[in-house]
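Peer 1: Supplied structure: final19.pdb, PDB, C-alpha atoms.
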```
ATOM      1  CA  MET F  30     114.405 124.654 104.274
ATOM      2  CA  ILE F  31     110.694 123.726 104.450
ATOM      3  CA  GLU F  32     110.136 125.552 101.163
ATOM      4  CA  PHE F  33     113.012 123.685  99.588
ATOM      5  CA  ILE F  34     111.623 120.280 100.620
ATOM      6  CA  SER F  35     108.057 121.258  99.731
ATOM      7  CA  GLN F  36     108.627 121.715  96.016
ATOM      8  CA  PRO F  37     108.255 118.579  93.893
ATOM      9  CA  TRP F  38     111.524 116.665  93.871
ATOM     10  CA  HIS F  39     113.570 116.254  90.720
ATOM     11  CA  TRP F  40     113.414 112.716  89.301
ATOM     12  CA  SER F  41     117.084 112.095  90.042
ATOM     13  CA  VAL F  42     116.689 113.078  93.718
ATOM     14  CA  SER F  43     113.617 110.859  93.928
ATOM     15  CA  GLY F  44     115.446 107.902  92.371
ATOM     16  CA  VAL F  45     118.351 108.236  94.804
ATOM     17  CA  ALA F  46     115.924 108.549  97.757
ATOM     18  CA  ILE F  47     114.142 105.330  96.742
ATOM     19  CA  VAL F  48     117.459 103.467  96.680
ATOM     20  CA  PHE F  49     118.262 104.907 100.102
ATOM     21  CA  VAL F  50     115.000 103.442 101.438
ATOM     22  CA  MET F  51     115.720 100.131  99.703
ATOM     23  CA  PHE F  52     119.169  99.800 101.283
ATOM     24  CA  ILE F  53     117.943 100.740 104.756
ATOM     25  CA  LEU F  54     115.464  97.868 104.407
ATOM     26  CA  LEU F  55     118.202  95.492 103.243
ATOM     27  CA  TRP F  56     120.532  96.629 106.003
ATOM     28  CA  PHE F  57     117.780  96.046 108.565
ATOM     29  CA  GLY F  58     117.482  92.473 107.237
ATOM     30  CA  GLY F  59     114.320  93.066 105.206
ATOM     31  CA  SER F  60     113.839  93.696 101.513
ATOM     32  CA  PHE F  61     112.043  96.189  99.290
ATOM     33  CA  GLY F  62     108.718  94.765  98.099
ATOM     34  CA  ALA F  63     105.386  96.376  98.944
ATOM     35  CA  SER F  64     102.921  93.841  97.527
ATOM     36  CA  SER F  65     104.039  90.991  99.851
ATOM     37  CA  ASN F  66     102.088  92.833 102.532
ATOM     38  CA  LEU F  67      98.827  91.988 100.780
ATOM     39  CA  ARG F  68      99.644  88.287 101.155
ATOM     40  CA  THR F  69     100.569  88.809 104.806
ATOM     41  CA  LEU F  70      97.235  90.549 105.434
ATOM     42  CA  CYS F  71      95.417  87.531 103.926
ATOM     43  CA  ALA F  72      97.415  85.224 106.205
ATOM     44  CA  ILE F  73      96.607  87.308 109.290
ATOM     45  CA  GLY F  74      92.943  87.132 108.281
ATOM     46  CA  GLY F  75      93.137  83.337 108.530
ATOM     47  CA  ALA F  76      93.402  82.471 104.814
ATOM     48  CA  GLY F  77      96.083  79.895 105.696
ATOM     49  CA  ASN F  78      93.411  77.537 107.023
ATOM     50  CA  LYS F  79      91.946  77.211 103.548
ATOM     51  CA  HIS F  80      94.824  77.737 101.153
ATOM     52  CA  SER F  81      98.408  76.630 101.675
ATOM     53  CA  PHE F  82      99.722  79.751  99.894
ATOM     54  CA  PHE F  83      98.774  81.726 103.001
ATOM     55  CA  ASP F  84      99.947  79.101 105.471
ATOM     56  CA  PHE F  85     103.251  80.619 106.545
ATOM     57  CA  ASP F  86     104.669  82.271 109.628
ATOM     58  CA  TRP F  87     103.345  85.778 108.986
ATOM     59  CA  LYS F  88     104.911  87.053 112.212
ATOM     60  CA  GLY F  89     108.200  87.035 110.320
ATOM     61  CA  GLN F  90     106.694  89.577 107.907
ATOM     62  CA  LEU F  91     105.465  92.075 110.483
ATOM     63  CA  TRP F  92     108.424  94.341 109.775
ATOM     64  CA  ASN F  93     107.066  94.895 106.234
ATOM     65  CA  LEU F  94     103.619  95.825 107.580
ATOM     66  CA  VAL F  95     105.257  98.314 109.928
ATOM     67  CA  PHE F  96     107.070  99.690 106.864
ATOM     68  CA  ILE F  97     103.959 100.050 104.682
ATOM     69  CA  PHE F  98     101.725 101.477 107.421
ATOM     70  CA  SER F  99     104.472 103.985 108.200
ATOM     71  CA  ALA F 100     104.285 104.982 104.525
ATOM     72  CA  VAL F 101     100.687 106.069 105.255
ATOM     73  CA  VAL F 102     102.097 108.349 107.966
ATOM     74  CA  GLY F 103     104.793 109.525 105.542
ATOM     75  CA  GLY F 104     102.122 110.449 102.994
ATOM     76  CA  PHE F 105     100.243 112.368 105.677
ATOM     77  CA  ILE F 106     103.398 114.219 106.770
ATOM     78  CA  ALA F 107     104.319 115.105 103.194
ATOM     79  CA  VAL F 108     100.962 116.706 102.346
ATOM     80  CA  SER F 109     100.432 118.291 105.781
ATOM     81  CA  PHE F 110     103.849 119.804 106.462
ATOM     82  CA  PHE F 111     105.499 119.992 103.006
ATOM     83  CA  PRO F 112     102.565 120.550 100.626
ATOM     84  CA  SER F 113     103.668 121.191  97.068
ATOM     85  CA  PRO F 114     103.070 124.809  96.033
ATOM     86  CA  GLU F 115     102.144 123.729  92.501
ATOM     87  CA  PRO F 116      99.925 121.045  90.965
ATOM     88  CA  VAL F 117     101.498 117.977  89.320
ATOM     89  CA  GLN F 118     103.165 119.357  86.181
ATOM     90  CA  ILE F 119     102.176 116.728  83.667
ATOM     91  CA  ALA F 120     103.034 117.106  79.982
ATOM     92  CA  GLN F 121     100.798 119.267  77.812
ATOM     93  CA  ALA F 122     100.054 116.273  75.560
ATOM     94  CA  THR F 123      98.851 114.214  78.547
ATOM     95  CA  GLN F 124      96.671 117.102  79.789
ATOM     96  CA  GLU F 125      95.072 117.445  76.375
ATOM     97  CA  HIS F 126      94.455 113.731  76.081
ATOM     98  CA  LEU F 127      92.984 113.516  79.586
ATOM     99  CA  SER F 128      90.688 116.495  79.087
ATOM    100  CA  SER F 129      89.401 114.821  75.902
ATOM    101  CA  ILE F 130      88.286 111.869  78.041
ATOM    102  CA  GLY F 131      86.787 114.000  80.798
ATOM    103  CA  ILE F 132      89.642 114.308  83.298
ATOM    104  CA  SER F 133      90.517 117.890  84.224
ATOM    105  CA  THR F 134      93.943 119.405  84.841
ATOM    106  CA  PRO F 135      95.641 118.536  88.160
ATOM    107  CA  GLN F 136      95.177 120.957  91.058
ATOM    108  CA  THR F 137      97.218 121.460  94.206
ATOM    109  CA  ILE F 138      96.157 119.561  97.296
ATOM    110  CA  ARG F 139      95.182 122.880  98.943
ATOM    111  CA  GLU F 140      92.738 123.967  96.273
ATOM    112  CA  GLY F 141      91.679 120.634  94.875
ATOM    113  CA  PHE F 142      92.344 116.960  94.917
ATOM    114  CA  GLY F 143      96.109 116.908  94.470
ATOM    115  CA  TYR F 144      97.687 113.803  93.050
ATOM    116  CA  VAL F 145      94.603 111.969  91.787
ATOM    117  CA  PRO F 146      91.641 113.140  89.676
ATOM    118  CA  SER F 147      88.493 114.034  91.617
ATOM    119  CA  GLU F 148      86.430 112.693  88.685
ATOM    120  CA  ILE F 149      87.417 109.183  89.797
ATOM    121  CA  PHE F 150      88.498 109.478  93.436
ATOM    122  CA  ALA F 151      86.262 112.091  95.081
ATOM    123  CA  VAL F 152      83.949 110.445  97.602
ATOM    124  CA  ASP F 153      80.999 112.295  96.036
ATOM    125  CA  ASN F 154      81.700 110.586  92.714
ATOM    126  CA  LEU F 155      82.248 107.181  94.251
ATOM    127  CA  PHE F 156      78.902 105.615  93.672
ATOM    128  CA  SER F 157      78.983 105.797  89.920
ATOM    129  CA  PRO F 158      79.192 102.273  88.443
ATOM    130  CA  ARG F 159      82.095 103.426  86.264
ATOM    131  CA  ASN F 160      84.252 104.578  89.187
ATOM    132  CA  LEU F 161      83.449 101.552  91.324
ATOM    133  CA  PHE F 162      84.384  99.355  88.365
ATOM    134  CA  LEU F 163      87.729 101.157  87.932
ATOM    135  CA  LEU F 164      88.628 100.998  91.628
ATOM    136  CA  ILE F 165      87.413  97.475  92.402
ATOM    137  CA  VAL F 166      88.546  95.721  89.216
ATOM    138  CA  GLY F 167      91.754  97.757  89.067
ATOM    139  CA  GLY F 168      92.632  96.940  92.664
ATOM    140  CA  PHE F 169      91.802  93.277  92.122
ATOM    141  CA  PHE F 170      94.129  93.152  89.085
ATOM    142  CA  VAL F 171      96.938  94.823  91.047
ATOM    143  CA  GLY F 172      96.674  92.285  93.884
ATOM    144  CA  PHE F 173      96.145  89.233  91.675
ATOM    145  CA  GLY F 174      98.772  90.244  89.116
ATOM    146  CA  ALA F 175     101.413  91.190  91.668
ATOM    147  CA  ARG F 176     101.221  87.808  93.395
ATOM    148  CA  TYR F 177     100.972  85.860  90.125
ATOM    149  CA  ALA F 178     104.078  87.696  88.875
ATOM    150  CA  GLY F 179     105.739  87.385  92.294
ATOM    151  CA  GLY F 180     106.196  91.112  92.854
ATOM    152  CA  CYS F 181     105.186  94.648  91.943
ATOM    153  CA  THR F 182     107.038  97.806  90.964
ATOM    154  CA  SER F 183     109.266  97.754  94.056
ATOM    155  CA  GLY F 184     109.970  94.003  94.058
ATOM    156  CA  HIS F 185     110.502  93.520  90.319
ATOM    157  CA  ALA F 186     111.198  96.872  88.627
ATOM    158  CA  ILE F 187     113.622  98.074  91.322
ATOM    159  CA  SER F 188     114.823  95.198  93.552
ATOM    160  CA  GLY F 189     114.673  92.528  90.830
ATOM    161  CA  LEU F 190     116.155  94.500  87.928
ATOM    162  CA  SER F 191     118.997  95.826  90.083
ATOM    163  CA  ASN F 192     119.775  92.240  91.128
ATOM    164  CA  LEU F 193     119.925  91.400  87.392
ATOM    165  CA  GLN F 194     117.007  88.989  87.544
ATOM    166  CA  LEU F 195     115.731  88.056  84.082
ATOM    167  CA  PRO F 196     112.290  87.088  85.506
ATOM    168  CA  SER F 197     111.929  90.666  86.770
ATOM    169  CA  LEU F 198     112.634  92.025  83.295
ATOM    170  CA  ILE F 199     109.910  89.750  81.893
ATOM    171  CA  ALA F 200     107.526  90.958  84.610
ATOM    172  CA  VAL F 201     108.316  94.614  83.859
ATOM    173  CA  ILE F 202     107.678  93.983  80.141
ATOM    174  CA  GLY F 203     104.348  92.489  81.236
ATOM    175  CA  PHE F 204     103.600  95.585  83.381
ATOM    176  CA  PHE F 205     104.055  97.714  80.261
ATOM    177  CA  ILE F 206     101.998  95.504  77.954
ATOM    178  CA  GLY F 207      99.106  95.725  80.427
ATOM    179  CA  GLY F 208      99.655  99.410  81.204
ATOM    180  CA  LEU F 209      99.847 100.451  77.549
ATOM    181  CA  LEU F 210      96.728  98.463  76.679
ATOM    182  CA  MET F 211      94.864 100.121  79.539
ATOM    183  CA  SER F 212      95.969 103.723  79.128
ATOM    184  CA  TRP F 213      95.843 103.864  75.306
ATOM    185  CA  ILE F 214      92.772 101.735  74.549
ATOM    186  CA  LEU F 215      90.703 100.486  77.479
ATOM    187  CA  LEU F 216      90.751 103.465  79.865
ATOM    188  CA  PRO F 217      89.616 105.999  77.202
ATOM    189  CA  MET F 218      86.763 103.596  76.398
ATOM    190  CA  ILE F 219      85.791 103.170  80.067
ATOM    191  CA  LEU F 220      85.968 106.921  80.757
ATOM    192  CA  THR F 221      83.890 107.941  77.753
ATOM    193  CA  VAL F 222      81.017 105.430  77.922
TER     194      VAL F 222
ATOM    195  CA  MET U 128     112.326  97.233 118.586
ATOM    196  CA  LYS U 129     113.263  94.739 115.891
ATOM    197  CA  THR U 130     110.251  95.679 113.798
ATOM    198  CA  LEU U 131     109.737  99.217 115.079
ATOM    199  CA  LYS U 132     112.921 100.419 113.411
ATOM    200  CA  TYR U 133     111.084  99.988 110.081
ATOM    201  CA  ILE U 134     108.970 103.036 110.953
ATOM    202  CA  PHE U 135     111.804 105.282 109.782
ATOM    203  CA  PRO U 136     112.241 103.933 106.225
ATOM    204  CA  GLY U 137     108.434 103.601 105.999
ATOM    205  CA  ILE U 138     107.796 107.268 106.757
ATOM    206  CA  LEU U 139     110.611 108.256 104.438
ATOM    207  CA  PHE U 140     109.121 106.066 101.682
ATOM    208  CA  GLY U 141     105.712 107.775 102.024
ATOM    209  CA  ILE U 142     107.368 111.181 101.790
ATOM    210  CA  VAL U 143     109.479 110.138  98.788
ATOM    211  CA  MET U 144     106.485 108.623  96.950
ATOM    212  CA  THR U 145     104.611 111.904  97.487
ATOM    213  CA  LYS U 146     107.354 114.381  96.654
ATOM    214  CA  SER U 147     108.490 112.369  93.611
ATOM    215  CA  GLU U 148     104.837 112.438  92.454
ATOM    216  CA  ALA U 149     105.045 108.669  91.837
ATOM    217  CA  VAL U 150     101.769 108.470  93.806
ATOM    218  CA  SER U 151     100.067 110.502  91.127
ATOM    219  CA  TRP U 152      97.472 108.885  88.867
ATOM    220  CA  TYR U 153      98.366 111.606  86.333
ATOM    221  CA  ARG U 154     102.058 110.671  86.337
ATOM    222  CA  ILE U 155     101.220 107.009  85.698
ATOM    223  CA  GLN U 156      99.037 107.893  82.700
ATOM    224  CA  GLU U 157     101.776 110.195  81.408
ATOM    225  CA  MET U 158     104.341 107.402  81.789
ATOM    226  CA  PHE U 159     102.294 104.823  79.900
ATOM    227  CA  ARG U 160     101.630 107.375  77.170
ATOM    228  CA  PHE U 161     105.396 108.100  76.858
ATOM    229  CA  GLU U 162     104.739 111.829  77.147
ATOM    230  CA  SER U 163     107.309 112.678  79.815
ATOM    231  CA  PHE U 164     110.646 111.420  81.074
ATOM    232  CA  HIS U 165     109.748 111.974  84.749
ATOM    233  CA  MET U 166     108.785 108.431  85.839
ATOM    234  CA  TYR U 167     111.464 106.859  83.629
ATOM    235  CA  GLY U 168     113.982 109.188  85.249
ATOM    236  CA  ILE U 169     112.942 108.084  88.746
ATOM    237  CA  ILE U 170     112.894 104.351  88.010
ATOM    238  CA  GLY U 171     115.987 104.565  85.776
ATOM    239  CA  THR U 172     118.056 106.426  88.388
ATOM    240  CA  ALA U 173     116.895 103.991  91.077
ATOM    241  CA  VAL U 174     117.725 100.896  89.001
ATOM    242  CA  ILE U 175     121.170 102.114  87.922
ATOM    243  CA  LEU U 176     122.207 103.187  91.419
ATOM    244  CA  ALA U 177     120.702 100.088  93.055
ATOM    245  CA  THR U 178     122.464  97.809  90.552
ATOM    246  CA  LEU U 179     125.780  99.378  91.459
ATOM    247  CA  LEU U 180     125.136  99.175  95.211
ATOM    248  CA  THR U 181     123.814  95.605  94.977
ATOM    249  CA  TYR U 182     126.974  94.588  93.127
ATOM    250  CA  ILE U 183     129.207  96.307  95.693
ATOM    251  CA  SER U 184     127.262  94.862  98.656
ATOM    252  CA  LYS U 185     127.601  91.327  97.290
ATOM    253  CA  ARG U 186     131.236  91.820  96.320
ATOM    254  CA  MET U 187     132.199  93.217  99.727
ATOM    255  CA  ASN U 188     129.881  90.768 101.473
ATOM    256  CA  ILE U 189     128.210  93.524 103.467
ATOM    257  CA  LYS U 190     126.078  92.116 106.271
ATOM    258  CA  SER U 191     122.772  93.300 107.677
ATOM    259  CA  VAL U 192     122.594  95.024 111.053
ATOM    260  CA  GLU U 193     122.013  91.612 112.675
ATOM    261  CA  GLY U 194     125.064  90.134 110.983
ATOM    262  CA  ALA U 195     123.135  88.033 108.455
ATOM    263  CA  GLU U 196     123.492  87.938 104.682
ATOM    264  CA  MET U 197     121.605  90.715 102.927
ATOM    265  CA  ASN U 198     118.321  89.573 101.476
ATOM    266  CA  PHE U 199     118.957  89.625  97.694
ATOM    267  CA  LYS U 200     116.362  87.246  96.338
ATOM    268  CA  SER U 201     116.803  85.167  93.212
ATOM    269  CA  LYS U 202     113.549  84.674  91.326
ATOM    270  CA  ASP U 203     112.546  81.221  90.027
ATOM    271  CA  LYS U 204     113.082  80.768  86.301
ATOM    272  CA  SER U 205     109.939  80.909  84.212
ATOM    273  CA  ILE U 206     108.269  83.094  81.609
ATOM    274  CA  THR U 207     104.542  82.363  81.853
ATOM    275  CA  ARG U 208     103.852  83.571  85.373
ATOM    276  CA  TYR U 209     105.921  86.743  85.026
ATOM    277  CA  LEU U 210     104.426  87.701  81.687
ATOM    278  CA  ILE U 211     100.756  86.914  82.432
ATOM    279  CA  GLY U 212     100.951  88.126  86.032
ATOM    280  CA  GLY U 213     102.816  91.221  84.856
ATOM    281  CA  ILE U 214     100.187  92.040  82.208
ATOM    282  CA  ILE U 215      97.364  91.703  84.752
ATOM    283  CA  PHE U 216      99.282  93.892  87.207
ATOM    284  CA  GLY U 217      99.960  96.495  84.487
ATOM    285  CA  LEU U 218      96.257  96.671  83.584
ATOM    286  CA  GLY U 219      95.416  97.322  87.227
ATOM    287  CA  TRP U 220      98.268  99.795  87.674
ATOM    288  CA  ALA U 221      97.102 101.976  84.762
ATOM    289  CA  MET U 222      93.459 101.573  85.831
ATOM    290  CA  THR U 223      93.932 102.806  89.396
ATOM    291  CA  GLY U 224      97.099 104.844  88.827
ATOM    292  CA  ALA U 225      98.510 103.208  91.946
ATOM    293  CA  CYS U 226     100.781 100.278  92.668
ATOM    294  CA  PRO U 227     100.900  98.787  96.187
ATOM    295  CA  GLY U 228     103.338 101.306  97.795
ATOM    296  CA  PRO U 229     101.558 104.444  96.543
ATOM    297  CA  MET U 230      98.145 102.965  97.492
ATOM    298  CA  PHE U 231      99.064 103.146 101.151
ATOM    299  CA  THR U 232     100.712 106.548 100.738
ATOM    300  CA  LEU U 233      97.516 107.942  99.188
ATOM    301  CA  LEU U 234      95.606 106.764 102.235
ATOM    302  CA  GLY U 235      97.770 109.189 104.218
ATOM    303  CA  HIS U 236      96.718 111.952 101.804
ATOM    304  CA  GLY U 237      93.119 111.387 102.828
ATOM    305  CA  VAL U 238      92.105 109.926  99.458
ATOM    306  CA  TRP U 239      89.476 107.703 101.075
ATOM    307  CA  ALA U 240      88.414 106.026  97.822
ATOM    308  CA  ILE U 241      91.790 104.272  97.833
ATOM    309  CA  VAL U 242      90.459 102.067 100.659
ATOM    310  CA  ILE U 243      88.361 100.326  97.992
ATOM    311  CA  VAL U 244      91.481  99.734  95.886
ATOM    312  CA  ILE U 245      93.427  98.386  98.876
ATOM    313  CA  LEU U 246      90.608  96.022  99.891
ATOM    314  CA  SER U 247      90.108  94.739  96.356
ATOM    315  CA  SER U 248      93.867  94.232  95.945
ATOM    316  CA  ILE U 249      93.790  92.071  99.095
ATOM    317  CA  LEU U 250      90.865  90.176  97.555
ATOM    318  CA  GLY U 251      92.856  89.774  94.310
ATOM    319  CA  THR U 252      95.793  88.405  96.277
ATOM    320  CA  TYR U 253      93.439  85.983  98.033
ATOM    321  CA  ALA U 254      91.990  84.887  94.677
ATOM    322  CA  TYR U 255      95.497  84.167  93.398
ATOM    323  CA  GLY U 256      96.269  82.066  96.480
ATOM    324  CA  ALA U 257      93.024  80.138  96.031
ATOM    325  CA  LEU U 258      93.521  79.493  92.307
ATOM    326  CA  ARG U 259      97.276  79.056  92.310
ATOM    327  CA  SER U 260      97.369  75.294  91.667
ATOM    328  CA  LYS U 261      95.122  75.744  88.611
ATOM    329  CA  LEU U 262      97.117  78.568  87.007
ATOM    330  CA  PRO U 263      99.982  78.031  84.561
ATOM    331  CA  HIS U 264     103.284  79.118  86.064
TER     332      HIS U 264
END
```
Can you dump the structure from the file as structure tokens?
Peer 2:
Amino acid sequence: MIEFISQPWHWSVSGVAIVFVMFILLWFGGSFGASSNLRTLCAIGGAGNKHSFFDFDWKGQLWNLVFIFSAVVGGFIAVSFFPSPEPVQIAQATQEHLSSIGISTPQTIREGFGYVPSEIFAVDNLFSPRNLFLLIVGGFFVGFGARYAGGCTSGHAISGLSNLQLPSLIAVIGFFIGGLLMSWILLPMILTV
Amino acid sequence: MKTLKYIFPGILFGIVMTKSEAVSWYRIQEMFRFESFHMYGIIGTAVILATLLTYISKRMNIKSVEGAEMNFKSKDKSITRYLIGGIIFGLGWAMTGACPGPMFTLLGHGVWAIVIVILSSILGTYAYGALRSKLPH
């Protein structure tokens, strides 16, 4: 059983599992949207005194914080008790492209860094200006963009599209314009300077 | 108890994000380079199934556990904010290989550098709130 769960899940199983999570949240009276938590954290930090956008009753959003901090625990459980026996099996073409810009092949979490490249995420490599730029500016864009667009992958691409919201389709098109620009043009430039 | 019940879907979400490999920086690059069906399969399956279940839930007027209407949100009509905000989000997503859900999941993997991404995403959210009245929506 443990072995069965430990292998990477097929995309269809994963898709169904995400919808299961989404409908538990809806049934509990919440909704599926991870980036709202970033706004709630600003509000808890007192940002509502300065900017009306954060002046709301954040106590009503605590359920979502419980959800997202439990996802940290879920991540821990998954890698501690059901570690994947194989590294992430990305396409040959992607591996070749990444190695041409200095990112090596994925390793398992036991023998290496698992789901993210050590070249960018290893603590030893953290104090390179390039990596700090990627993490700080990238994170800033995720937070700024998600709130500007009113949602992220969970809120727009899954909740919004499945509720047939045209604005969510526009947002997802935006996600891809930005993502394509970054992964085809900007990221190779940043990683090879 | 009202909020504690969210621990269950939260833990499940972290496990699903990990085992689906949606937390993986590599999978995000592969997706944006159109070199594998994996991420499209996950999101596509989720959207199709969720569309069906959303339709059924509305049609049958299924209530939440507390007896209230289910929280299907309608988004305000506009193009500007969704397109510009979406592009900025997409740049950040491909740059860090993580959107907000996976960021927190990766923290559970012990990827400590993700703390920087989480903190700067909070700062980005704050910057949006501060500049909101000056931005085109």
Peer 1: Evaluate the ChimeraX specification (/F :<6) & /U and record the selected residues as a ChimeraX atom specification, following the chain and residue labels used in the document.
Peer 2: /U:130,133-134,136-138,140-142,146-147,151-152,157,159,165,168-169,172-174,177-178,191-192,197,208-210,212-219,221-223,227-228,231-232,234-236,240,244,247-249,251-252,255-257
Peer 1: Between CA of Gly131 in chain F and CA of Val222 in chain F, what is the spacing in Å?
Peer 2: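 Distance reported for this atom pair: 10.7 Å.
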Peer 1: Pick out the closest residue to Thr145 in chain U from this set: F:Ser128, F:Phe110, F:Phe156, F:Glu32. Count all atoms listed in the file.
Peer 2: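 When distances to Thr145 in chain U are compared using all atoms listed in the file, the smallest one comes from F:Phe110.
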Peer 1: May I ask which of the residues U:Ile189, U:Leu250, U:Leu176, U:Ile245 is the closest one to Leu233 in chain U, counting all atoms listed in the file?
Peer 2: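 Residue with the minimum atom-to-atom distance to Leu233 in chain U: U:Ile245.
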Peer 1: Would you mind reading off the distance between CA of Gly171 in chain U and CA of Ala149 in chain U, one decimal, in Å?
Peer 2: 13.2 Å
Peer 1: Mind pulling up the distance from CA of Ser260 in chain U to CA of Gly75 in chain F?
Peer 2: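 A separation of 19.2 Å between them.
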Peer 1: Nearest to Thr207 in chain U: which of U:Val143, U:Leu262, U:Ile241, U:Leu131 is it, counting only C-alpha atoms?
Peer 2: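 Once distances to Thr207 in chain U are computed over only C-alpha atoms, the minimum belongs to U:Leu262.
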